[in-house]
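Asks: Encoded as structure tokens, here's the structure I'll be asking about.
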Protein chains: 4
Amino acid sequence: MDFSPSPRAADLTERVREFLTTEIEPVETQYHRDLEEQRRTGDPWQPLPVIEELKAKARERGLWNLFLPKEHAGEYAARFGTDGGEGLTNVDYAPIAELTGRSAIAPLVLNCNAPDTGNMEVLLRYGSEEQRREWLEPLLDGKIRSAFTMTEPGVASSDATNMEATAVLDGDEVVVNGRKWWSTGIGHPDCKILVFMGLTDPDADRHHRHSMVLVPRDAPGVEVVRMLDVMGLKDEPLGHGEVTFTDVRVPASNILKAPGAAFEIAQGRLGPGRVHHCMRLIGLAELALEQAIRRGTERTAFGKPLVNLGGNRERVADARIAIDQARLLVLNAAWKLDTGGSFNAISEVSQIKVAVPNMAQQVIDFAIQLHGGGGLADDFPLAAAWTSARSLRLADGPDEVHRGVVARFELAKYR
Amino acid sequence: MDFSPSPRAADLTERVREFLTTEIEPVETQYHRDLEEQRRTGDPWQPLPVIEELKAKARERGLWNLFLPKEHAGEYAARFGTDGGEGLTNVDYAPIAELTGRSAIAPLVLNCNAPDTGNMEVLLRYGSEEQRREWLEPLLDGKIRSAFTMTEPGVASSDATNMEATAVLDGDEVVVNGRKWWSTGIGHPDCKILVFMGLTDPDADRHHRHSMVLVPRDAPGVEVVRMLDVMGLKDEPLGHGEVTFTDVRVPASNILKAPGAAFEIAQGRLGPGRVHHCMRLIGLAELALEQAIRRGTERTAFGKPLVNLGGNRERVADARIAIDQARLLVLNAAWKLDTGGSFNAISEVSQIKVAVPNMAQQVIDFAIQLHGGGGLADDFPLAAAWTSARSLRLADGPDEVHRGVVARFELAKYR
Amino acid sequence: MDFSPSPRAADLTERVREFLTTEIEPVETQYHRDLEEQRRTGDPWQPLPVIEELKAKARERGLWNLFLPKEHAGEYAARFGTDGGEGLTNVDYAPIAELTGRSAIAPLVLNCNAPDTGNMEVLLRYGSEEQRREWLEPLLDGKIRSAFTMTEPGVASSDATNMEATAVLDGDEVVVNGRKWWSTGIGHPDCKILVFMGLTDPDADRHHRHSMVLVPRDAPGVEVVRMLDVMGLKDEPLGHGEVTFTDVRVPASNILKAPGAAFEIAQGRLGPGRVHHCMRLIGLAELALEQAIRRGTERTAFGKPLVNLGGNRERVADARIAIDQARLLVLNAAWKLDTGGSFNAISEVSQIKVAVPNMAQQVIDFAIQLHGGGGLADDFPLAAAWTSARSLRLADGPDEVHRGVVARFELAKYR
Amino acid sequence: MDFSPSPRAADLTERVREFLTTEIEPVETQYHRDLEEQRRTGDPWQPLPVIEELKAKARERGLWNLFLPKEHAGEYAARFGTDGGEGLTNVDYAPIAELTGRSAIAPLVLNCNAPDTGNMEVLLRYGSEEQRREWLEPLLDGKIRSAFTMTEPGVASSDATNMEATAVLDGDEVVVNGRKWWSTGIGHPDCKILVFMGLTDPDADRHHRHSMVLVPRDAPGVEVVRMLDVMGLKDEPLGHGEVTFTDVRVPASNILKAPGAAFEIAQGRLGPGRVHHCMRLIGLAELALEQAIRRGTERTAFGKPLVNLGGNRERVADARIAIDQARLLVLNAAWKLDTGGSFNAISEVSQIKVAVPNMAQQVIDFAIQLHGGGGLADDFPLAAAWTSARSLRLADGPDEVHRGVVARFELAKYR
């Protein structure tokens, strides 16, 4: 059980830390102000130029595509800029992802943001050579973006077999129909490719009925009906869309791996995605605790710094304990993934998917409380941080489903 | 300890229920859609016409200004439309306020919304005849709106003695300076009058230094710097503003009661205001539980209605228990206010101010979870409901301050 | 919703309070010391003489059998000493039971302790004239005691239909077999009668298969196998026994009401029993909070009274809020019972059965923590109080079963 | 951050596991029955012979004194039987201690129980050669036992500077006076030596006023006033005593290290002691979860195994997550101790001292609930396990004090 990063990863971590401190933090406040301005007066889905400038700098320094997993990165790490020329283990990536979680834009800037990382990993692992050339390479290059369209508004999507969308083979084409929502990333003008999941063969067994299909954003019949709010936020420039697919026809070669392979691919895709989300949430919780303490020591009430009033110091201690426990659990899941692969860590990934967002939500709530009214406004990143943690109690599977997975593994020990 | 409403109040409650069912609920979904449209394409601070139409209907039926307290309503209840011609006790008003809490617009429609009710009550109790004629009557008439400007961005306002704004007498004028925020209601074009609190005499004792001043919205030197987000929401058409006062001069006769009386007035104002907030939150929590159960029985996953999965039924039970306990505690505070006045119920008001928003937050969180992604979007009133409950853990005093009040009363029993 | 006690009940409450203060509290510490001594050197099941002395005083003052319910007390209230000559409503009895809950011996002294009150009520409601003469009258007289034998060690008794004991009719006799445990009261030498529940007719419908049978403690075949510990305590002088019944034969006239009526009787018996437990737990929680505050103000650490350190004052406030909410919920259940009978309050009784023991457990835990090591020892009544609250999360139905009942009623509203 | 045990430690762990399975578990139920019998009919403080038999077996197999820390064990590990002849790191010892935590007698049998391990470590680190020969060697040999007398009944001992006991130098003697309680181990007839802490020089600075003195159990003036209950349990054969010291005179050479060194020694002693307690509690929580699942799958109610009812599977998942997080936090503290010594891990030790007992308490509570009434009785080790977890929220410093330590370190980062 060795959670130490390799020397190369430790070096990359320090360089990411420096990049955040010197390049991102100084511009982030202004970024949010400009975005707010654009919301009021322009098109908030038009990305601000600073992002592309930062992307260029990050790439130049080799802090690019660091998410690429050691076991699947292959030639791509070297070709697309990751310093050192090869992918990282999950344990190696953990402290880097944690750092990027402190910033609303760092994941984007380092080409390490959801859902693109998950989609790139899908293409790496399951994409044909042609699919990789057409979609993976520009994604790794940061030239285009992608979305994942799985969840549906009409059914309880926590049970994926409820899915109503279809992907029906018709000669050498596949015909795609259905309504999806929470398609993250679809608001960005660079979003060019959608990973779609739908029912292909209703007679196959429960977990071999569905296919994953690559659907170009501009294919006829694809319509973004609306962009969704998450607790009042739209998360520009990526956003979350509701999308209809009406008789969308794409070549059958756009199917990933093979017809009926969607559950297998989804499982492989969601595992690392969940782990990355959790790593970033650790960073967000750390940031919230840091801000809570700074505010709590600077402001006074009733003659004392806020942090010394009532139970606040106890809450600082509880936050420290909760964050450290959560980080260790994430490292443990990462280590299990590294040493035994996805099937070695199903329960562990579900464990962190339950534990980390709940922890982060609680720590951020405390930070908000110490900031008073300001904590609710957009003067601080806390309201958005809270929303992010809250939404991850539903995204990629609700708490309840993941608790069910953990319990299933636990009970199986006694059979 | 009699929590039964009077027959007249019971009748009014039923009539409010019917009004909600037949007049408000049928138009509320469209109202939110129109407001969202106006946000995208117009000025969301321009109230939608349906509000004025509903106000006219409510007034016609005597469901108007029902908040008016029996002990202070005087002639006004009869003059301004409350059916029966007199005010209600707190116990009587509780079930009515609870019902209005189920709707985002009902309080406005019945002229029973914060902060206007609190400001009207201040004018009733402390306003001079002239102040009442100029400001109270049009407020009771629903012709103008008001704001309360107390909290400041620069200091921890949980300790009101931290306040930095000033209200300095200069001959027969009072000169007002300072920066306030979370001035609810200031976004509405009908907002014409601000109740301002500032330091008048730094040499007086701690609780007699500040004055309340009536400042017309259009007085030179009053500027709304920005409208604040609450967890991403702007709460149109009232909204919450940050306001600067720069050498604003108003006649000294605009001071409420007398110079130095602000703490006394604030105490009297905030008590009932907190109770009304709590009453409405009970209604909001009931609505959330109702929606949770409806969604949980309609949608299925893994072959069962959602509500029958895992711990969901236990959470339904916990929600029922939590709501009922909270409602009883609110009724208890109302009854203490009715039987002994504000000073009889200081601890009780603080108790509900802690208990109710926390309870509501938890019940609504459960309802969101049962709605999946939809619970976070604006398709359901749940995200806004959650934000409302969360913000009331800070507004009108943070949880921690109210716990401190309760503890102080508790310890005093043993001295 | 009127929770005010009648003037007579208010007067009785004050007299009970005075009796506790002047007669019970002064001897209670010595009582516990004597009992501890007897545990070490004698037979702890032999009741200390002070109990009978106090019983005589209580009876003399009319503070006797106050539990007798208004609707079923009939002539017995007058004949057996209750001052005023008639039973009390549940709302009337609540503050009295709360007071007795502060003392480990008061319920016994006032002839108001479980399980005797429940058994007396069963006899009142369902007993034949002969059964009442033989068993009810000496119980009301405080001359004998009783036990209730329902739960079984071999099955999950939370589902009463799991029950394996039998009560088989054989001519004019009924033959009783089975193993029961948690038979409270069976350790007392005055325990003369057991209320036994067993299967009579396996072919009847699920809720008409079982009978309640009065089994004399000294009937051949009845054996107390052992006395059980509850978290290390034996709760002398009543205690909790494991009892075997081996071919015990009693006259068929010992069946309560009729063969097959056990579920109906159990439901009627357990409702008020649960409410009384909850009323007493409110008193115990109040006592714990009182002791927490006293200890917390008397002892100092790091230069301050303990209660002013860290989050302790917040916990005092939370305890006050939790107790008051729980008391109101208990009063609400009592009022529903009074106004509509048992079937009107099934959910409400389950609600308090969940809420009150959990609340009490938490408040007492806080009090223990403020007492340091002493809180765990028997120097204070806190360890025993905690155990009492904890065991009531299982006794008379586990939390989970009661949450299930509440949820069932809640969901039924939407069908 | 490497939490992997050395190969030697992994081997020892497996051998301890086998010893538990083959030697201890088979006799443990009978052990508890015999102890209960002895409580009723004999002297429960007289250890049952099986313990000495098991000790001989454990020693024979080298599973003896495994607690000995690598950095201080020196020659003693080889001389007193630890297989491999040297001490273990904290990371190495963690899985071994966890295993012993599953059994009420294993720590005793392996000579690894509190408070003797802590006292032996004190003698190792601070004892003179003579002190080590006289007391350490027979302790390592398992021939005698010891107690630690620090906490006092008269003051809040969470603040050690409150201490009232005295250790006054008088020529070449030291005179010891005071009243101590919660002196664990003092009930055992083999207890021969007490480590006493008292005030020596009131004029020295706050942390150099007190001395640690070795006081033989049979020194004139030492009296065990009574044995204390912990939630009704006496924890025989070690027990917890209240002890008075009245003008007890021992040679000044019995002072550990030097007069005034008590705080330094206490800090060094309590750190590892707390870590060992936490390691064992992890094992206890694992045992409780295992028993919960076994009971929950074997028993049925309402037609289903208990574990499949309501929220039980969710609670299984939460328990798994909580235990794993807690274990990782303990390993982290152990690793910090190993890599940087005590002063490197002050916050980490306090963190686990808060997190682990609270976690264990909650997991065990769930296991009790699934066992129904049986969970409260001594039929299962759950009631004793709960008491053990609960008492560790006070022993070696209450939660609140440890939260204070964690917060202090956290705030110091921002100064």
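Simple scheme: letters A, B, ... for chains in structure tokens order, numbers from 1 for residues in each chain, numbers from 1 for ligands in the order shown.
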Based on only C-alpha atoms, which of the residues in chain B come within 7 Å of chain C? I want them as a ChimeraX atom specification.
Replies: /B:1-4,293,313-314,316-317,321,325-326,328-329,351,403-404,406-407,411
Asks: With N, CA and C atoms retained, write the just-selected residues as a tab-separated table (two decimals), in the first residue's frame.
Replies:
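Dumped everything to out_23.tsv:
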chain	number	residue	atom	x	y	z
B	1	MET	N	-51.05	26.13	26.56
B	1	MET	CA	-50.35	25.88	25.31
B	1	MET	C	-51.35	25.45	24.25
B	2	ASP	N	-52.07	26.45	23.74
B	2	ASP	CA	-53.14	26.15	22.78
B	2	ASP	C	-52.75	26.67	21.41
B	3	PHE	N	-52.51	25.73	20.50
B	3	PHE	CA	-52.03	26.10	19.17
B	3	PHE	C	-53.15	26.12	18.13
B	4	SER	N	-54.39	26.08	18.59
B	4	SER	CA	-55.49	26.05	17.62
B	4	SER	C	-55.76	27.44	17.07
B	293	ILE	N	-42.13	12.29	-2.62
B	293	ILE	CA	-42.95	11.07	-2.61
B	293	ILE	C	-43.59	10.85	-3.98
B	313	ARG	N	-37.53	5.05	2.22
B	313	ARG	CA	-38.72	5.14	3.10
B	313	ARG	C	-38.32	5.63	4.48
B	314	GLU	N	-37.16	5.21	4.96
B	314	GLU	CA	-36.70	5.75	6.26
B	314	GLU	C	-36.53	7.26	6.19
B	316	VAL	N	-38.18	9.24	4.20
B	316	VAL	CA	-39.53	9.83	4.21
B	316	VAL	C	-40.00	9.98	5.65
B	317	ALA	N	-39.81	8.93	6.45
B	317	ALA	CA	-40.25	8.98	7.84
B	317	ALA	C	-39.50	10.07	8.60
B	321	ILE	N	-41.13	13.34	10.50
B	321	ILE	CA	-40.87	13.62	11.92
B	321	ILE	C	-40.23	15.01	12.07
B	325	GLN	N	-41.98	18.17	13.99
B	325	GLN	CA	-41.33	18.77	15.17
B	325	GLN	C	-41.08	20.25	14.95
B	326	ALA	N	-40.63	20.59	13.76
B	326	ALA	CA	-40.30	21.99	13.49
B	326	ALA	C	-41.56	22.84	13.51
B	328	LEU	N	-44.29	22.32	15.17
B	328	LEU	CA	-44.73	22.49	16.56
B	328	LEU	C	-43.86	23.52	17.28
B	329	LEU	N	-42.58	23.51	17.00
B	329	LEU	CA	-41.70	24.47	17.65
B	329	LEU	C	-42.02	25.90	17.19
B	351	GLN	N	-34.54	29.67	18.73
B	351	GLN	CA	-34.62	28.21	18.56
B	351	GLN	C	-35.15	27.83	17.17
B	403	ARG	N	-27.78	30.16	18.23
B	403	ARG	CA	-27.46	29.14	19.24
B	403	ARG	C	-26.91	29.82	20.50
B	404	GLY	N	-26.12	30.85	20.27
B	404	GLY	CA	-25.57	31.58	21.42
B	404	GLY	C	-26.67	32.19	22.28
B	406	VAL	N	-29.80	31.09	22.56
B	406	VAL	CA	-30.50	30.01	23.26
B	406	VAL	C	-29.67	29.54	24.46
B	407	ALA	N	-28.37	29.40	24.25
B	407	ALA	CA	-27.51	28.93	25.33
B	407	ALA	C	-27.49	29.94	26.48
B	411	LEU	N	-28.36	28.89	30.25
B	411	LEU	CA	-27.43	28.99	31.38
B	411	LEU	C	-27.97	29.92	32.46
Asks: From a DSSP calculation on the backbone, collect every residue of stretch 97-299 of chain C in alpha helix (DSSP H) and output the set as a count of residues only.
Replies: 63
Asks: Determine, counting only C-alpha atoms, which protein, DNA and RNA residues have an atom within 6 Å of an atom of stretch 74-82 of chain B; residues of the same chain fewer than 5 positions away are not included. Present the result as a short mmCIF file (atom, residue, chain, number, x, y, z; two decimals) with N, CA and C atoms, in the first residue's frame.
Replies:
data_model
loop_
_atom_site.label_atom_id
_atom_site.label_comp_id
_atom_site.auth_asym_id
_atom_site.auth_seq_id
_atom_site.Cartn_x
_atom_site.Cartn_y
_atom_site.Cartn_z
N GLY B 62 -60.20 39.67 0.06
CA GLY B 62 -59.85 39.92 1.47
C GLY B 62 -58.62 39.17 1.92
N TRP B 64 -55.46 39.73 1.95
CA TRP B 64 -54.56 40.85 1.73
C TRP B 64 -54.05 41.36 3.06
N ASN B 65 -52.75 41.51 3.14
CA ASN B 65 -52.14 42.01 4.39
C ASN B 65 -52.50 41.14 5.60
N LEU B 66 -52.59 39.83 5.37
CA LEU B 66 -52.99 38.95 6.48
C LEU B 66 -51.92 38.89 7.57
N GLY B 87 -56.33 42.40 12.66
CA GLY B 87 -55.12 41.58 12.49
C GLY B 87 -55.28 40.20 13.11
#
Asks: Can you list, as number ranges by chain, every protein, DNA or RNA residue that comes within 6 Å of stretch 284-288 of chain C when you count only C-alpha atoms, leaving out same-chain residues fewer than 3 positions away?
Replies: C: 101-102, 281, 291, 360, 364, 367
Asks: So how many Å separate atom CA of B:Ala261 and atom CA of B:Lys336, to one decimal?
Replies: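 Between atom CA of B:Ala261 and atom CA of B:Lys336 the gap works out to 24.7 Å.
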